Every structure is written in structure tokens, then in C-alpha cells.
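Trainee: Next comes the structure file data.cif, holding mmCIF, C-alpha atoms.
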```cif
data_final
loop_
_atom_site.group_PDB
_atom_site.id
_atom_site.type_symbol
_atom_site.label_atom_id
_atom_site.label_comp_id
_atom_site.auth_asym_id
_atom_site.auth_seq_id
_atom_site.Cartn_x
_atom_site.Cartn_y
_atom_site.Cartn_z
ATOM 1 C CA MET A 148 112.877 139.380 98.882
ATOM 2 C CA PRO A 149 111.699 136.632 96.504
ATOM 3 C CA SER A 150 108.961 134.332 97.760
ATOM 4 C CA LYS A 151 109.944 131.079 99.421
ATOM 5 C CA LEU A 152 108.615 129.257 96.365
ATOM 6 C CA ASP A 153 110.980 131.198 94.111
ATOM 7 C CA GLN A 154 113.855 130.660 96.555
ATOM 8 C CA LEU A 155 113.068 126.942 96.580
ATOM 9 C CA ARG A 156 113.098 126.830 92.785
ATOM 10 C CA ALA A 157 116.638 128.205 92.825
ATOM 11 C CA MET A 158 117.921 125.071 94.604
ATOM 12 C CA THR A 159 115.326 122.336 93.966
ATOM 13 C CA VAL A 160 113.267 121.210 90.973
ATOM 14 C CA VAL A 161 109.667 121.940 91.987
ATOM 15 C CA VAL A 162 107.082 119.404 90.820
ATOM 16 C CA ALA A 163 103.293 119.830 91.002
ATOM 17 C CA ASP A 164 101.495 116.999 92.785
ATOM 18 C CA THR A 165 98.109 117.376 91.116
ATOM 19 C CA GLY A 166 95.891 116.377 88.221
ATOM 20 C CA ASP A 167 94.445 119.908 88.074
ATOM 21 C CA ILE A 168 95.596 121.228 84.711
ATOM 22 C CA GLU A 169 94.650 124.824 85.517
ATOM 23 C CA ALA A 170 96.610 124.739 88.779
ATOM 24 C CA VAL A 171 99.665 123.487 86.889
ATOM 25 C CA ARG A 172 99.271 126.273 84.332
ATOM 26 C CA ARG A 173 99.066 128.858 87.130
ATOM 27 C CA LEU A 174 101.915 127.561 89.291
ATOM 28 C CA LYS A 175 104.368 126.788 86.464
ATOM 29 C CA PRO A 176 106.232 123.802 87.973
ATOM 30 C CA GLN A 177 109.075 122.070 86.137
ATOM 31 C CA ASP A 178 107.438 118.633 86.298
ATOM 32 C CA CYS A 179 104.058 117.210 87.239
ATOM 33 C CA THR A 180 103.022 113.957 88.887
ATOM 34 C CA THR A 181 99.618 112.289 89.052
ATOM 35 C CA ASN A 182 98.131 109.180 90.670
ATOM 36 C CA PRO A 183 94.726 107.411 90.696
ATOM 37 C CA THR A 184 93.467 109.585 93.561
ATOM 38 C CA LEU A 185 94.317 112.805 91.740
ATOM 39 C CA LEU A 186 92.836 111.546 88.459
ATOM 40 C CA LEU A 187 89.617 110.550 90.212
ATOM 41 C CA LYS A 188 89.302 114.064 91.666
ATOM 42 C CA ALA A 189 90.053 115.616 88.296
ATOM 43 C CA VAL A 190 87.460 113.674 86.269
ATOM 44 C CA GLU A 191 84.780 114.617 88.803
ATOM 45 C CA THR A 192 85.506 118.298 88.032
ATOM 46 C CA PRO A 193 83.349 119.901 85.285
ATOM 47 C CA ALA A 194 86.417 121.545 83.719
ATOM 48 C CA TYR A 195 87.750 118.167 82.608
ATOM 49 C CA VAL A 196 84.566 116.372 81.618
ATOM 50 C CA HIS A 197 85.565 116.743 77.951
ATOM 51 C CA LEU A 198 88.539 114.441 78.502
ATOM 52 C CA LEU A 199 86.270 111.842 80.075
ATOM 53 C CA ASP A 200 83.732 112.212 77.266
ATOM 54 C CA GLU A 201 86.428 111.697 74.631
ATOM 55 C CA ALA A 202 87.699 108.566 76.365
ATOM 56 C CA ILE A 203 84.151 107.189 76.675
ATOM 57 C CA ASP A 204 83.451 107.832 72.972
ATOM 58 C CA TRP A 205 86.687 106.053 72.093
ATOM 59 C CA GLY A 206 85.831 103.144 74.390
ATOM 60 C CA ARG A 207 82.458 102.568 72.734
ATOM 61 C CA LYS A 208 84.307 101.597 69.564
ATOM 62 C CA GLN A 209 86.600 99.064 71.265
ATOM 63 C CA ALA A 210 86.064 95.309 71.255
ATOM 64 C CA GLY A 211 86.455 93.097 74.303
ATOM 65 C CA SER A 212 84.832 92.459 77.650
ATOM 66 C CA ALA A 213 83.257 95.313 79.575
ATOM 67 C CA GLU A 214 86.025 95.016 82.177
ATOM 68 C CA ALA A 215 88.790 95.184 79.570
ATOM 69 C CA VAL A 216 87.217 98.147 77.786
ATOM 70 C CA THR A 217 86.748 99.996 81.082
ATOM 71 C CA ALA A 218 90.420 99.462 81.973
ATOM 72 C CA ALA A 219 91.461 100.651 78.507
ATOM 73 C CA ILE A 220 89.355 103.809 78.874
ATOM 74 C CA CYS A 221 91.031 104.531 82.231
ATOM 75 C CA ASP A 222 94.445 104.169 80.608
ATOM 76 C CA ARG A 223 93.388 106.500 77.797
ATOM 77 C CA LEU A 224 92.142 108.998 80.363
ATOM 78 C CA ALA A 225 95.458 108.912 82.228
ATOM 79 C CA VAL A 226 97.357 109.471 78.980
ATOM 80 C CA SER A 227 94.965 112.269 77.975
ATOM 81 C CA PHE A 228 95.630 114.118 81.236
ATOM 82 C CA GLY A 229 99.343 113.437 80.931
ATOM 83 C CA THR A 230 99.438 114.691 77.349
ATOM 84 C CA GLU A 231 97.723 117.935 78.371
ATOM 85 C CA LEU A 232 100.224 118.362 81.197
ATOM 86 C CA THR A 233 103.189 117.890 78.848
ATOM 87 C CA LYS A 234 101.947 120.934 76.938
ATOM 88 C CA ILE A 235 102.300 123.037 80.097
ATOM 89 C CA VAL A 236 105.338 121.784 82.014
ATOM 90 C CA PRO A 237 108.753 121.822 80.345
ATOM 91 C CA GLY A 238 109.912 118.655 82.102
ATOM 92 C CA ARG A 239 108.472 115.275 82.989
ATOM 93 C CA VAL A 240 104.970 114.009 83.686
ATOM 94 C CA SER A 241 104.574 110.935 85.894
ATOM 95 C CA THR A 242 101.846 108.432 85.011
ATOM 96 C CA GLU A 243 101.085 105.553 87.355
ATOM 97 C CA VAL A 244 100.879 101.854 86.570
ATOM 98 C CA ASP A 245 97.668 100.385 88.005
ATOM 99 C CA ALA A 246 98.116 99.838 91.744
ATOM 100 C CA ASP A 247 96.555 96.380 91.533
ATOM 101 C CA LEU A 248 99.686 95.357 89.598
ATOM 102 C CA SER A 249 101.975 96.277 92.524
ATOM 103 C CA PHE A 250 102.959 92.635 93.069
ATOM 104 C CA ASP A 251 102.971 91.654 89.380
ATOM 105 C CA THR A 252 106.319 92.296 87.697
ATOM 106 C CA GLU A 253 105.337 91.163 84.203
ATOM 107 C CA GLY A 254 101.956 92.893 84.409
ATOM 108 C CA SER A 255 103.611 96.146 85.432
ATOM 109 C CA ILE A 256 106.097 95.927 82.566
ATOM 110 C CA ALA A 257 103.321 95.265 80.046
ATOM 111 C CA LYS A 258 101.221 98.153 81.364
ATOM 112 C CA ALA A 259 104.189 100.539 81.296
ATOM 113 C CA ARG A 260 105.011 99.611 77.703
ATOM 114 C CA ALA A 261 101.376 100.171 76.714
ATOM 115 C CA LEU A 262 101.295 103.602 78.384
ATOM 116 C CA ILE A 263 104.512 104.667 76.666
ATOM 117 C CA ALA A 264 103.178 103.433 73.304
ATOM 118 C CA ALA A 265 99.981 105.427 73.849
ATOM 119 C CA TYR A 266 101.976 108.559 74.620
ATOM 120 C CA GLU A 267 104.209 108.058 71.585
ATOM 121 C CA ALA A 268 101.109 107.621 69.396
ATOM 122 C CA ARG A 269 100.141 111.148 70.484
ATOM 123 C CA GLY A 270 103.576 112.519 69.700
ATOM 124 C CA VAL A 271 104.808 112.564 73.313
ATOM 125 C CA SER A 272 108.277 111.025 73.494
ATOM 126 C CA ARG A 273 109.231 108.713 76.335
ATOM 127 C CA ASP A 274 111.812 111.184 77.628
ATOM 128 C CA ARG A 275 108.883 113.399 78.732
ATOM 129 C CA ILE A 276 107.254 110.655 80.818
ATOM 130 C CA LEU A 277 108.059 108.873 84.071
ATOM 131 C CA ILE A 278 106.259 105.613 84.751
ATOM 132 C CA LYS A 279 105.219 105.429 88.417
ATOM 133 C CA VAL A 280 105.486 102.023 90.073
ATOM 134 C CA ALA A 281 105.053 101.076 93.727
ATOM 135 C CA ALA A 282 108.374 100.319 95.463
ATOM 136 C CA THR A 283 107.547 96.688 96.200
ATOM 137 C CA TRP A 284 110.149 94.059 95.358
ATOM 138 C CA GLU A 285 108.115 93.179 92.251
ATOM 139 C CA GLY A 286 107.715 96.827 91.278
ATOM 140 C CA ILE A 287 111.447 97.442 91.598
ATOM 141 C CA ARG A 288 112.182 94.446 89.378
ATOM 142 C CA ALA A 289 109.727 95.780 86.785
ATOM 143 C CA ALA A 290 111.426 99.179 86.902
ATOM 144 C CA GLU A 291 114.842 97.562 86.455
ATOM 145 C CA GLU A 292 113.695 95.988 83.181
ATOM 146 C CA LEU A 293 111.916 99.135 82.009
ATOM 147 C CA GLN A 294 115.033 101.231 82.648
ATOM 148 C CA ARG A 295 117.009 98.832 80.442
ATOM 149 C CA GLU A 296 114.447 99.521 77.705
ATOM 150 C CA GLY A 297 114.889 103.272 78.018
ATOM 151 C CA ILE A 298 111.659 103.826 79.970
ATOM 152 C CA ASP A 299 112.440 105.999 82.994
ATOM 153 C CA CYS A 300 110.613 105.182 86.218
ATOM 154 C CA ASN A 301 109.415 106.953 89.350
ATOM 155 C CA LEU A 302 109.269 104.526 92.294
ATOM 156 C CA THR A 303 106.507 105.654 94.618
ATOM 157 C CA LEU A 304 105.122 104.644 98.028
ATOM 158 C CA LEU A 305 108.663 104.616 99.358
ATOM 159 C CA PHE A 306 109.002 104.743 103.150
ATOM 160 C CA SER A 307 112.343 103.185 104.044
ATOM 161 C CA LEU A 308 116.052 103.133 103.314
ATOM 162 C CA VAL A 309 115.975 99.505 102.168
ATOM 163 C CA GLN A 310 113.423 100.405 99.480
ATOM 164 C CA ALA A 311 115.636 103.311 98.404
ATOM 165 C CA ALA A 312 118.752 101.112 98.344
ATOM 166 C CA ALA A 313 117.017 98.456 96.232
ATOM 167 C CA CYS A 314 115.817 101.141 93.802
ATOM 168 C CA ALA A 315 119.367 102.455 93.494
ATOM 169 C CA ASP A 316 120.677 98.954 92.764
ATOM 170 C CA ALA A 317 118.020 98.606 90.044
ATOM 171 C CA GLY A 318 119.159 101.845 88.409
ATOM 172 C CA VAL A 319 115.782 103.575 88.563
ATOM 173 C CA PHE A 320 115.617 107.173 87.398
ATOM 174 C CA LEU A 321 113.770 108.652 90.384
ATOM 175 C CA ILE A 322 112.305 107.737 93.761
ATOM 176 C CA SER A 323 109.487 109.460 95.671
ATOM 177 C CA PRO A 324 110.130 108.988 99.407
ATOM 178 C CA PHE A 325 107.023 109.998 101.342
ATOM 179 C CA VAL A 326 107.163 112.486 104.202
ATOM 180 C CA GLY A 327 103.665 113.248 105.466
ATOM 181 C CA ARG A 328 102.460 109.658 105.606
ATOM 182 C CA ILE A 329 105.467 108.743 107.747
ATOM 183 C CA LEU A 330 104.584 111.601 110.093
ATOM 184 C CA ASP A 331 100.952 110.416 110.155
ATOM 185 C CA TRP A 332 102.013 106.945 111.302
ATOM 186 C CA HIS A 333 104.213 108.219 114.118
ATOM 187 C CA VAL A 334 101.590 110.678 115.351
ATOM 188 C CA LYS A 335 98.954 107.919 115.346
ATOM 189 C CA ALA A 336 101.403 105.732 117.297
ATOM 190 C CA GLY A 337 101.586 108.410 119.996
ATOM 191 C CA GLY A 338 104.792 110.145 118.980
ATOM 192 C CA GLY A 339 105.487 113.849 119.014
ATOM 193 C CA PRO A 340 104.873 116.683 119.123
ATOM 194 C CA TYR A 341 107.246 117.114 116.194
ATOM 195 C CA THR A 342 108.987 120.133 114.721
ATOM 196 C CA ALA A 343 110.177 120.323 111.126
ATOM 197 C CA GLU A 344 113.607 119.207 112.349
ATOM 198 C CA THR A 345 112.359 116.224 114.343
ATOM 199 C CA ASP A 346 109.676 115.207 111.811
ATOM 200 C CA PRO A 347 110.369 111.485 111.140
ATOM 201 C CA GLY A 348 109.368 111.872 107.492
ATOM 202 C CA VAL A 349 111.886 114.667 106.996
ATOM 203 C CA GLN A 350 114.575 112.626 108.746
ATOM 204 C CA SER A 351 113.846 109.634 106.495
ATOM 205 C CA VAL A 352 114.299 111.660 103.298
ATOM 206 C CA ARG A 353 117.444 113.291 104.641
ATOM 207 C CA ALA A 354 118.946 109.853 105.376
ATOM 208 C CA ILE A 355 118.087 108.594 101.874
ATOM 209 C CA TYR A 356 119.508 111.757 100.292
ATOM 210 C CA ALA A 357 122.754 111.402 102.285
ATOM 211 C CA TYR A 358 122.984 107.699 101.341
ATOM 212 C CA TYR A 359 122.623 108.454 97.637
ATOM 213 C CA LYS A 360 125.048 111.364 97.571
ATOM 214 C CA ALA A 361 127.717 109.706 99.738
ATOM 215 C CA HIS A 362 127.720 106.559 97.607
ATOM 216 C CA GLY A 363 127.610 108.280 94.223
ATOM 217 C CA ILE A 364 124.111 107.079 93.336
ATOM 218 C CA LYS A 365 122.600 108.930 90.374
ATOM 219 C CA THR A 366 118.931 108.162 91.137
ATOM 220 C CA VAL A 367 116.969 111.375 91.733
ATOM 221 C CA VAL A 368 115.468 111.909 95.198
ATOM 222 C CA MET A 369 112.051 113.595 95.044
ATOM 223 C CA GLY A 370 110.438 114.189 98.440
ATOM 224 C CA ALA A 371 106.652 113.726 98.350
ATOM 225 C CA SER A 372 103.510 113.675 100.485
ATOM 226 C CA PHE A 373 103.770 116.871 102.513
ATOM 227 C CA ARG A 374 101.515 117.922 105.374
ATOM 228 C CA ASN A 375 102.846 121.454 105.893
ATOM 229 C CA THR A 376 105.342 123.949 104.491
ATOM 230 C CA GLY A 377 107.727 123.306 107.392
ATOM 231 C CA GLU A 378 108.447 119.837 105.998
ATOM 232 C CA ILE A 379 109.158 121.330 102.577
ATOM 233 C CA GLU A 380 111.443 124.012 103.961
ATOM 234 C CA ALA A 381 113.353 121.406 105.968
ATOM 235 C CA LEU A 382 114.148 119.607 102.676
ATOM 236 C CA ALA A 383 115.116 122.701 100.647
ATOM 237 C CA GLY A 384 117.914 121.644 98.309
ATOM 238 C CA CYS A 385 116.601 118.106 97.748
ATOM 239 C CA ASP A 386 116.902 117.074 94.081
ATOM 240 C CA ARG A 387 113.161 117.510 93.546
ATOM 241 C CA LEU A 388 110.085 118.059 95.702
ATOM 242 C CA THR A 389 106.549 117.285 94.537
ATOM 243 C CA ILE A 390 104.100 119.652 96.192
ATOM 244 C CA GLY A 391 100.323 120.107 96.092
ATOM 245 C CA PRO A 392 98.880 123.427 94.848
ATOM 246 C CA ALA A 393 97.690 124.606 98.300
ATOM 247 C CA LEU A 394 101.169 124.310 99.827
ATOM 248 C CA MET A 395 102.755 125.870 96.737
ATOM 249 C CA ASP A 396 100.424 128.823 97.169
ATOM 250 C CA GLN A 397 101.476 129.172 100.821
ATOM 251 C CA LEU A 398 105.145 129.193 99.838
ATOM 252 C CA ALA A 399 104.432 131.742 97.098
ATOM 253 C CA ALA A 400 102.845 134.063 99.650
ATOM 254 C CA ASP A 401 105.732 133.839 102.138
ATOM 255 C CA GLU A 402 108.723 136.158 101.551
ATOM 256 C CA GLY A 403 110.807 135.050 104.524
ATOM 257 C CA PRO A 404 114.344 133.645 104.075
ATOM 258 C CA LEU A 405 114.671 130.018 102.996
ATOM 259 C CA PRO A 406 118.094 128.513 103.787
ATOM 260 C CA ARG A 407 119.356 125.471 101.902
ATOM 261 C CA ARG A 408 119.108 122.363 104.091
ATOM 262 C CA LEU A 409 120.323 119.622 101.734
ATOM 263 C CA ASP A 410 123.491 119.911 99.668
ATOM 264 C CA PRO A 411 125.173 117.087 97.717
ATOM 265 C CA ALA A 412 128.587 118.497 98.644
ATOM 266 C CA LYS A 413 127.776 118.368 102.341
ATOM 267 C CA ALA A 414 126.062 114.999 102.735
ATOM 268 C CA SER A 415 127.103 113.785 106.171
ATOM 269 C CA GLU A 416 126.275 110.919 108.486
ATOM 270 C CA ALA A 417 125.327 108.746 105.519
ATOM 271 C CA PRO A 418 124.160 105.192 106.240
ATOM 272 C CA ALA A 419 126.586 102.435 105.236
ATOM 273 C CA LYS A 420 126.252 100.995 101.725
ATOM 274 C CA MET A 421 123.756 98.146 101.626
ATOM 275 C CA SER A 422 123.699 94.998 99.519
ATOM 276 C CA VAL A 423 120.039 94.207 98.963
ATOM 277 C CA ASP A 424 118.829 90.854 97.659
ATOM 278 C CA GLU A 425 115.214 89.733 97.875
ATOM 279 C CA LYS A 426 115.568 88.054 101.268
ATOM 280 C CA THR A 427 117.265 91.108 102.764
ATOM 281 C CA PHE A 428 114.688 93.441 101.257
ATOM 282 C CA ARG A 429 111.720 91.518 102.576
ATOM 283 C CA PHE A 430 113.236 91.003 106.018
ATOM 284 C CA LEU A 431 114.310 94.621 106.565
ATOM 285 C CA LEU A 432 111.006 95.942 105.260
ATOM 286 C CA ASN A 433 109.177 93.571 107.602
ATOM 287 C CA GLU A 434 111.327 94.800 110.505
ATOM 288 C CA ASP A 435 110.075 98.337 109.833
ATOM 289 C CA ALA A 436 106.458 98.352 111.013
ATOM 290 C CA MET A 437 105.825 101.865 109.721
ATOM 291 C CA ALA A 438 107.135 101.178 106.216
ATOM 292 C CA THR A 439 105.338 97.840 105.992
ATOM 293 C CA GLU A 440 102.018 99.292 107.082
ATOM 294 C CA LYS A 441 102.201 102.472 105.007
ATOM 295 C CA LEU A 442 103.251 100.623 101.842
ATOM 296 C CA SER A 443 100.346 98.195 102.191
ATOM 297 C CA GLU A 444 97.917 100.968 103.079
ATOM 298 C CA GLY A 445 99.104 103.133 100.186
ATOM 299 C CA ILE A 446 98.540 100.343 97.683
ATOM 300 C CA ARG A 447 95.077 99.636 99.134
ATOM 301 C CA LEU A 448 94.091 103.314 98.924
ATOM 302 C CA PHE A 449 95.306 103.659 95.330
ATOM 303 C CA VAL A 450 93.471 100.448 94.379
ATOM 304 C CA LYS A 451 90.316 101.787 96.043
ATOM 305 C CA ASP A 452 90.479 104.980 94.007
ATOM 306 C CA LEU A 453 91.366 103.060 90.848
ATOM 307 C CA ARG A 454 88.273 100.904 91.356
ATOM 308 C CA ALA A 455 86.190 104.032 91.952
ATOM 309 C CA LEU A 456 87.523 105.519 88.705
ATOM 310 C CA ARG A 457 86.730 102.310 86.833
ATOM 311 C CA GLY A 458 83.255 102.295 88.368
ATOM 312 C CA LEU A 459 82.637 105.870 87.252
ATOM 313 C CA VAL A 460 83.866 105.039 83.749
ATOM 314 C CA ALA A 461 81.766 101.867 83.547
ATOM 315 C CA LYS A 462 78.635 103.800 84.567
ATOM 316 C CA ARG A 463 79.295 106.521 82.008
ATOM 317 C CA LEU A 464 79.933 103.892 79.337
ATOM 318 C CA GLU A 465 76.593 102.217 80.032
ATOM 319 C CA GLN A 466 74.811 105.571 79.950
ATOM 320 C CA ALA A 467 76.451 106.391 76.604
ATOM 321 C CA LYS A 468 75.367 103.053 75.138
ATOM 322 C CA ALA A 469 71.814 103.546 76.368
ATOM 323 C CA ALA A 470 71.534 107.074 74.971
#
```
Rewrite the structure from the file as C-alpha cells, please.
Mentor:
Amino acid sequence: MPSKLDQLRAMTVVVADTGDIEAVRRLKPQDCTTNPTLLLKAVETPAYVHLLDEAIDWGRKQAGSAEAVTAAICDRLAVSFGTELTKIVPGRVSTEVDADLSFDTEGSIAKARALIAAYEARGVSRDRILIKVAATWEGIRAAEELQREGIDCNLTLLFSLVQAAACADAGVFLISPFVGRILDWHVKAGGGPYTAETDPGVQSVRAIYAYYKAHGIKTVVMGASFRNTGEIEALAGCDRLTIGPALMDQLAADEGPLPRRLDPAKASEAPAKMSVDEKTFRFLLNEDAMATEKLSEGIRLFVKDLRALRGLVAKRLEQAKAA
């Protein structure tokens, strides 16, 4: 019997959730997604120091304040990793807008345009890239404008149906509803024990999937943030699933049967269609303690890692200038 990973690929687009270029080459996913945390891990790995060195050398020739040059080097680094990944995967590579722009619509739009221009300067067309933006109200508005410009977006840090509904209304290309972080919150709150079927993160993605399919919404649903293979198996058939290398390896080693759990033709018990304006969005998100807390925490963690990446780059830049 084929491995569970191969069975999954027959019904779901498998995406690698990693900045590890060698892991992507080995696992052969359709798409690949990165974030500041994954980039920080990657640049601290000797195998990718050449990408950091190239970005530092480029940065030494740029004018502007030390802060601006450091930020520009980080952008170049993200595009360098993304460009390498486009040479391996046949589909899309997701590159994240700086998390400290999560509440800045115009700043997010400007950053996304700059990233796309940098990719196009390297011969990577925009139809190979997804721009990742946090699913705040401001991020969703930025994505709405970017989609009108032909820049496809991946709305991340998504924990609730109201976020998903607002993304659908904005016409975004893809959403990344999180699974494991939802489970984490409920376990910390004293819930459980949970099975794959009762996992609140799995149930959240299933509800969003049913909502989209029942109401004819074209936005792609890509489950993300997995803690175990049971969560992945419980979402087999979802449009896409972004999975870390360790869990992909576990699925590749398992040859048990993998039944389809999500099917667009069998979406049932779908939530009623929502009309989401800003007031409704903010109120319903506020009513959901888990989604509110995990969205805020997710932004803080990405900002922390972004700052760590900038700190590493700034230190290397100073060392290069002193050499």
C-alpha cells in the first residue's frame, strides 16, 4: 500500500512548512511556505550561510540608516530563500510581510509590492509567490487591494470563522487556518483529553472548509500548524495542508489506510453565510477569547523572531564593515 503521505497527495496539495531547502528537495512538496521563525532557524544553519553572506555584501553597498539597511537585507534574505525554493517546488512559495506591519494596511501593501518587485527582478513571476499577511482587519484590507493588483495572498494566523469569512469577502487567494495552536490554547485552558476527531483545531478547519464549499467561495483552505499526524489525517481532503518535515517523514513511513475526511461535494452542517463589516469583525473576534489571544500571541512571536533576525543581520553587517 502507498504511504499515507502519498495517499494524502492524491487528495490534498501538500505544502512544506519549512525554510530548510534540503528538506524541501527531499520531500518534494507542491508548494512551500516560510515565516520569520523558519527563516531565523535557516540562517543559523551553516548550509545557508552563503545566502546570508550575499545579502550582507549587498547591504554594505546600500545607502540609508543602519535600521533601513538592516530591514532591506532581511527582505533580500527572504527573497533569496524564496527564489531558491521556487527552483525546487513546482507551485507557490509563500513569503511573509513583516509581522510588525500587521496593523498597518498601507505599510503591508508597500512591503508586498516591494517583495514582488524583488522577485520579478530575479526572474520569478508573481504567479509563483504568495504574500503572507496576518489575518487582522488591517491585513485583510491590505490583501484585498493586493488581490486587485494581481498579487495573490496567503492570510495567516487565522483562528476563527469570522476571520475566514472576512478573507472570503476580500477575495483572498488562500487562508491558513491554524490547528495546533488552537489545540494548545484549549489544553492550557484545561480541556481534553482530545482525539483527532474532537481536536478543536481540526473542528475549526472543518467548519471553515464547510462554510467555503457550501457558499461557493473560491478561496483555498490550507490547514496549518500541526502537532501530530492525527490532526493531518483528520483533515485529509482539505484543499491544501502545510506540514513540517518531521510530520511529513512520519506520514511517509506509515503505510496504513488514509480515508478522505473532507470532500467539497459532501460539505455538511455549514455555518450560515456571514456579512462581515469592521464592527462585526472586531466584535466577533473579541468574543472569541482563543482567537483573540492566539492572534495577538502569534504576531508577538513573529515580531520577536523578526527582531532577532534583524539583530543577527545588524551584527554581521557591523562585523563585515570592521573586517
Trainee: For Pro392 (chain A), work out the shell of residues within 9 Å, counting all atoms listed in the file and skipping chain neighbours fewer than 3 positions away, then give it as a PyMOL selection string.
Mentor: chain A and resi 163-165+167+170-171+174+395-397
Trainee: Could you tell me which of A:Tyr356, A:Trp205, A:Phe228, A:Trp284 comes closest to Leu185 (chain A) if we count all atoms listed in the file?
Mentor: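 Of the candidates, the smallest distance to Leu185 (chain A) is held by A:Phe228.
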Trainee: Could you name the residues that touch Leu293 (chain A) at 10 Å or less, counting all atoms listed in the file, but leaving out those on the same chain fewer than 3 positions away, as a list in words?
Mentor: Ser255, Ile256, Ala257, Ala259, Arg260, Ile278, Ile287, Arg288, Ala289, Ala290, Glu296, Gly297, Ile298, Asp299, Cys300 and Val319 of chain A
Trainee: Using the chain letters and numbers from the file, which residues does the PyMOL selection byres ((chain A and resi 198) around 12) grab, as an MDAnalysis selection string?
Mentor: chainID A and resid 168 186 189:197 199:205 220:221 223:231 460
Trainee: Go ahead and write the selection's residues with C-alpha atoms as a PDB file, in the frame of the given file.
Mentor:
```
ATOM      1  CA  ILE A 168      95.596 121.228  84.711  1.00  0.00           C
ATOM      2  CA  LEU A 186      92.836 111.546  88.459  1.00  0.00           C
ATOM      3  CA  ALA A 189      90.053 115.616  88.296  1.00  0.00           C
ATOM      4  CA  VAL A 190      87.460 113.674  86.269  1.00  0.00           C
ATOM      5  CA  GLU A 191      84.780 114.617  88.803  1.00  0.00           C
ATOM      6  CA  THR A 192      85.506 118.298  88.032  1.00  0.00           C
ATOM      7  CA  PRO A 193      83.349 119.901  85.285  1.00  0.00           C
ATOM      8  CA  ALA A 194      86.417 121.545  83.719  1.00  0.00           C
ATOM      9  CA  TYR A 195      87.750 118.167  82.608  1.00  0.00           C
ATOM     10  CA  VAL A 196      84.566 116.372  81.618  1.00  0.00           C
ATOM     11  CA  HIS A 197      85.565 116.743  77.951  1.00  0.00           C
ATOM     12  CA  LEU A 199      86.270 111.842  80.075  1.00  0.00           C
ATOM     13  CA  ASP A 200      83.732 112.212  77.266  1.00  0.00           C
ATOM     14  CA  GLU A 201      86.428 111.697  74.631  1.00  0.00           C
ATOM     15  CA  ALA A 202      87.699 108.566  76.365  1.00  0.00           C
ATOM     16  CA  ILE A 203      84.151 107.189  76.675  1.00  0.00           C
ATOM     17  CA  ASP A 204      83.451 107.832  72.972  1.00  0.00           C
ATOM     18  CA  TRP A 205      86.687 106.053  72.093  1.00  0.00           C
ATOM     19  CA  ILE A 220      89.355 103.809  78.874  1.00  0.00           C
ATOM     20  CA  CYS A 221      91.031 104.531  82.231  1.00  0.00           C
ATOM     21  CA  ARG A 223      93.388 106.500  77.797  1.00  0.00           C
ATOM     22  CA  LEU A 224      92.142 108.998  80.363  1.00  0.00           C
ATOM     23  CA  ALA A 225      95.458 108.912  82.228  1.00  0.00           C
ATOM     24  CA  VAL A 226      97.357 109.471  78.980  1.00  0.00           C
ATOM     25  CA  SER A 227      94.965 112.269  77.975  1.00  0.00           C
ATOM     26  CA  PHE A 228      95.630 114.118  81.236  1.00  0.00           C
ATOM     27  CA  GLY A 229      99.343 113.437  80.931  1.00  0.00           C
ATOM     28  CA  THR A 230      99.438 114.691  77.349  1.00  0.00           C
ATOM     29  CA  GLU A 231      97.723 117.935  78.371  1.00  0.00           C
ATOM     30  CA  VAL A 460      83.866 105.039  83.749  1.00  0.00           C
TER      31      VAL A 460
END
```
Trainee: Counting all atoms listed in the file, which residue out of A:Ala399, A:Ile263, A:Val352, A:Val309 sits closest to Leu152 (chain A)?
Mentor: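 Closest to Leu152 (chain A) of all the choices is A:Ala399.
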Trainee: If we draw a sphere of 7 Å around (83.4, 100.2, 76.0), which residues have at least one atom in it when counting all atoms listed in the file? Please report them as a ChimeraX atom specification.
Mentor: /A:206-209,213,216-217,464
Trainee: For the residues in that selection, give me C-alpha atoms as a PDB file, in the coordinates of the input.
Mentor:
```
ATOM      1  CA  GLY A 206      85.831 103.144  74.390  1.00  0.00           C
ATOM      2  CA  ARG A 207      82.458 102.568  72.734  1.00  0.00           C
ATOM      3  CA  LYS A 208      84.307 101.597  69.564  1.00  0.00           C
ATOM      4  CA  GLN A 209      86.600  99.064  71.265  1.00  0.00           C
ATOM      5  CA  ALA A 213      83.257  95.313  79.575  1.00  0.00           C
ATOM      6  CA  VAL A 216      87.217  98.147  77.786  1.00  0.00           C
ATOM      7  CA  THR A 217      86.748  99.996  81.082  1.00  0.00           C
ATOM      8  CA  LEU A 464      79.933 103.892  79.337  1.00  0.00           C
TER       9      LEU A 464
END
```
Trainee: So how far away is CA of Arg374 (chain A) from CA of Lys151 (chain A), in Å?
Mentor: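 Atom-to-atom, CA of Lys151 (chain A) and CA of Arg374 (chain A) are spaced 16.7 Å apart.
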Trainee: Hey, which of A:Gly445, A:Gly391, A:Pro418, A:Pro237 ends up closest to Thr181 (chain A)? Count only C-alpha atoms.
Mentor: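 When distances to Thr181 (chain A) are compared using only C-alpha atoms, the smallest one comes from A:Gly391.
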Trainee: Excluding His362 (chain A) and any residue of its chain fewer than 5 positions from it, enumerate the residues within 9 Å of it, using only C-alpha atoms, and give them as a ChimeraX atom specification.
Mentor: /A:357,417,419-420
Trainee: Find the residue from A:Gly270, A:Gly384, A:Gly403, A:Gly318 that sits nearest to Glu291 (chain A); use all atoms listed in the file when measuring.
Mentor: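 Using all atoms listed in the file, the shortest distance to Glu291 (chain A) belongs to A:Gly318.
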Trainee: Smallest atom-to-atom distance to Thr283 (chain A): which of A:Phe306, A:Val162, A:Ala461, A:Leu409, using only C-alpha atoms?
Mentor: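 For Thr283 (chain A), the nearest of the candidates is A:Phe306.
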Trainee: What residues come out when you apply the PyMOL selection byres ((chain A and resi 351) around 12) to this file, written as a ChimeraX atom specification?
Mentor: /A:305-311,323-330,344-350,352-358,368,370-371,378,381-382,417-418,437-438
Trainee: What does the distance between CA of Asp386 (chain A) and CA of Leu321 (chain A) come to in Å, to one decimal place?
Mentor: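 Those two atoms sit 9.7 Å apart.
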Trainee: Mind working out the centre and edge lengths of an axis-aligned box for region 253-262 of chain A, all listed atoms inside, 3 Å added to each side, rounded to one decimal in Å and written as JSON?
Mentor:
```
{"center_x": 103.7, "center_y": 97.4, "center_z": 81.1, "size_x": 10.9, "size_y": 18.4, "size_z": 14.7}
```
Trainee: Smallest atom-to-atom distance to Thr180 (chain A): which of A:Leu262, A:Leu232, A:Leu456, A:Ala383, using only C-alpha atoms?
Mentor: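 Checking each candidate against Thr180 (chain A), we get A:Leu232 as the closest.
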Trainee: Which value, in Å to one decimal, gives the distance between CA of Gln294 (chain A) and CA of Glu425 (chain A)?
Mentor: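 CA of Gln294 (chain A) sits 19.1 Å away from CA of Glu425 (chain A).
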Trainee: Expanded to explicit residues, what is the PyMOL selection byres ((chain A and resi 422) around 10) for this file, as a PyMOL selection string?
Mentor: chain A and resi 309+312-313+316+419-421+423-424+427-428
Trainee: Could you name the residues that touch Lys279 (chain A) at 7 Å or less, counting all atoms listed in the file, but leaving out those on the same chain fewer than 2 positions away, as a PyMOL selection string?
Mentor: chain A and resi 241-244+277+281+300-303
